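Here's the structure we're looking at; comments come further down.
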Amino acid sequence: MDKLGSMSDAEELRAPRNGGPFWGWVDVVLFAVAAPVFLAGVAIVLVTILKVLHWPVDTALSILGMQSVLYATAFGLLWLILMLRHSESVWNALRWAVRPSIGGKLFVAGFALAFAAALLGVALNAPKIDNPILKMMRDPLSIFAVVVFASTIGPAAEEAVFRGFLQPVAARSFGSAAGIAAASLVFAALHGVEYRWCWQYLLIVFTASLVFGWTRLRWNSTGASTLLHAGYNLMFFIGYLVQGRTLPTHG
């Protein structure tokens with residue numbers, strides 16, 4: 001009963017209102033249309049500021065700093081949509097609460113998931129590629145910044161959008177399994193450029209995303225899937241640092 005927490009733990013994490021998301025496809029479309037516009041505008045402003053200050057744009061700290069601001073902008077847009085249209089908070093809507101006992105187990109489970117994904121990469125004969133994130137890891141400071149970002153801010157932002165916001169609406173429309181798969185397809189597709197549209201890597205990302213999605217559904221908590229995702233990412237970067245080579249593949 002207590003492999004990843006008891007059923008009573010999961011049952012306490014009820015979804016808002018009638019058990020499902022109070023937002024819908026109109027909200028998803030609004031976010032999908034508005035986000036690229038807002039993010040592009042913020043990115044232009046940030047790059048302009050860095051150039052005016054004569055600060056290099058291509059360093060790990062600059063890129064991660066800008067990425068953090070972009071993630072904050074996306075989260076702010078989610079907050080704006082949910083507040084203006086439904087008068088609900090993002091925290092309650094996206095179900096961030098998770099029991100520490102469950103969260104710790106899920107974080108460690110992310111290590112096992114990363115190991116399984118690495119084995120899948122070997123089985124698929126995934127080729128080596130120039131991952132832009134790993135290329136930023138040039139010195140101890142940049143390595144530390146990338147690892148911290150990829151195991152904290154990155155998973156939280158991605159889970160908020162894909163498992164917290166998109167998946168519940170897709171699951172309500174198409175059923176749980178199809179909803180998880182639909183959110184995972186979008187998630188994998190948005191990693192396409194990063195992995196040069198290599199099908200092996202995208203299949204690994206899609207498979208890992210299915211597990212993230214199942215975790216979100218099982219525990220009714222975006223916080224739960226975020227902790228699993230964080231452990232998954234952290235394990236890959238640990239593997240990279242230990243072995244000195246690219247491992248397939250973080251999310």
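Going through the structure tokens in order, the chains are called A, B, and so on, while each chain numbers its residues from 1 and the ligands are numbered from 1 in the order shown.
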
If you run DSSP on this backbone, which residues of segment 14-231 of chain A come out as alpha helix (DSSP H), and could you give them as JSON, numbers by chain? {"A": [25, 26, 27, 28, 29, 30, 31, 32, 33, 34, 35, 36, 37, 38, 39, 40, 41, 42, 43, 44, 45, 46, 47, 48, 49, 50, 51, 52, 60, 61, 62, 63, 64, 65, 66, 67, 68, 69, 70, 71, 72, 73, 74, 75, 76, 77, 78, 79, 80, 81, 82, 83, 84, 85, 86, 90, 91, 92, 93, 94, 100, 101, 102, 103, 104, 105, 106, 107, 108, 109, 110, 111, 112, 113, 114, 115, 116, 117, 118, 119, 120, 121, 122, 123, 132, 133, 134, 135, 140, 141, 142, 143, 144, 145, 146, 147, 148, 149, 150, 153, 154, 155, 156, 157, 158, 159, 167, 168, 169, 170, 171, 172, 173, 174, 176, 177, 178, 179, 180, 181, 182, 183, 184, 185, 186, 187, 188, 189, 199, 200, 201, 202, 203, 204, 205, 206, 207, 208, 209, 210, 211, 212, 213, 214, 215, 216, 217, 218, 219, 222, 223, 224, 225, 226, 227, 228, 229, 230, 231]}

Using only C-alpha atoms, tabulate the residues of segment 120-166 of chain A lying at most 8 Å from any atom of segment 226-239 of chain A, each with its closest atom pair and that distance in Å to one decimal, by chain and increasing residue number, as a Markdown table.
```
| residue | atom | partner | partner_atom | distance |
| --- | --- | --- | --- | --- |
| A:Val147 | CA | A:Phe237 | CA | 6.5 |
| A:Ala150 | CA | A:Asn233 | CA | 6.3 |
| A:Ser151 | CA | A:Ala230 | CA | 4.4 |
| A:Thr152 | CA | A:Ala230 | CA | 6.2 |
| A:Pro155 | CA | A:Thr226 | CA | 5.6 |
| A:Ala156 | CA | A:Thr226 | CA | 5.5 |
| A:Glu159 | CA | A:Thr226 | CA | 5.8 |
```

Would you mind exporting the chosen residues as a PDB file, in the first residue's frame, restricted to C-alpha atoms?
```pdb
ATOM      1  CA  VAL A 147      22.234  21.581 -13.002  1.00  0.00           C
ATOM      2  CA  ALA A 150      17.389  21.879 -14.833  1.00  0.00           C
ATOM      3  CA  SER A 151      16.391  20.258 -11.554  1.00  0.00           C
ATOM      4  CA  THR A 152      14.311  23.115 -10.110  1.00  0.00           C
ATOM      5  CA  PRO A 155      10.757  20.986 -14.286  1.00  0.00           C
ATOM      6  CA  ALA A 156       8.426  23.263 -12.306  1.00  0.00           C
ATOM      7  CA  GLU A 159       5.021  20.586 -15.386  1.00  0.00           C
TER       8      GLU A 159
END
```

In Å, rounded to a single decimal, give me how far atom CA of Phe111 of chain A is from atom CA of Trp96 of chain A.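 Going from atom CA of Trp96 of chain A over to atom CA of Phe111 of chain A covers 21.0 Å.
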
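Ranking A:Trp219, A:Phe162, A:Phe31, A:Phe22 by their shortest atom-to-atom distance to Phe187 of chain A, with only C-alpha atoms included, puts A:Phe162 first.
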
Excluding Arg163 of chain A and its own-chain neighbours fewer than 4 positions away, which residues fall within 8 Å of it when counting only C-alpha atoms? Please give them as a list in words.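 Final neighbour list, sorted by chain and number: Glu158, Glu159, Gln167, Pro168, Ala183, Phe212, Gly213, Arg216, Thr222 and Ser225 of chain A.
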
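Computed from the coordinates, the atom CA of Pro36 of chain A to atom CA of Glu88 of chain A distance equals 23.3 Å.
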
Please determine, counting only C-alpha atoms, which residue among A:Leu134, A:Ile204, A:Val242, A:Val211 has the shortest atom-to-atom distance to Leu120 of chain A.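 Distance minimum relative to Leu120 of chain A lands on A:Ile204.
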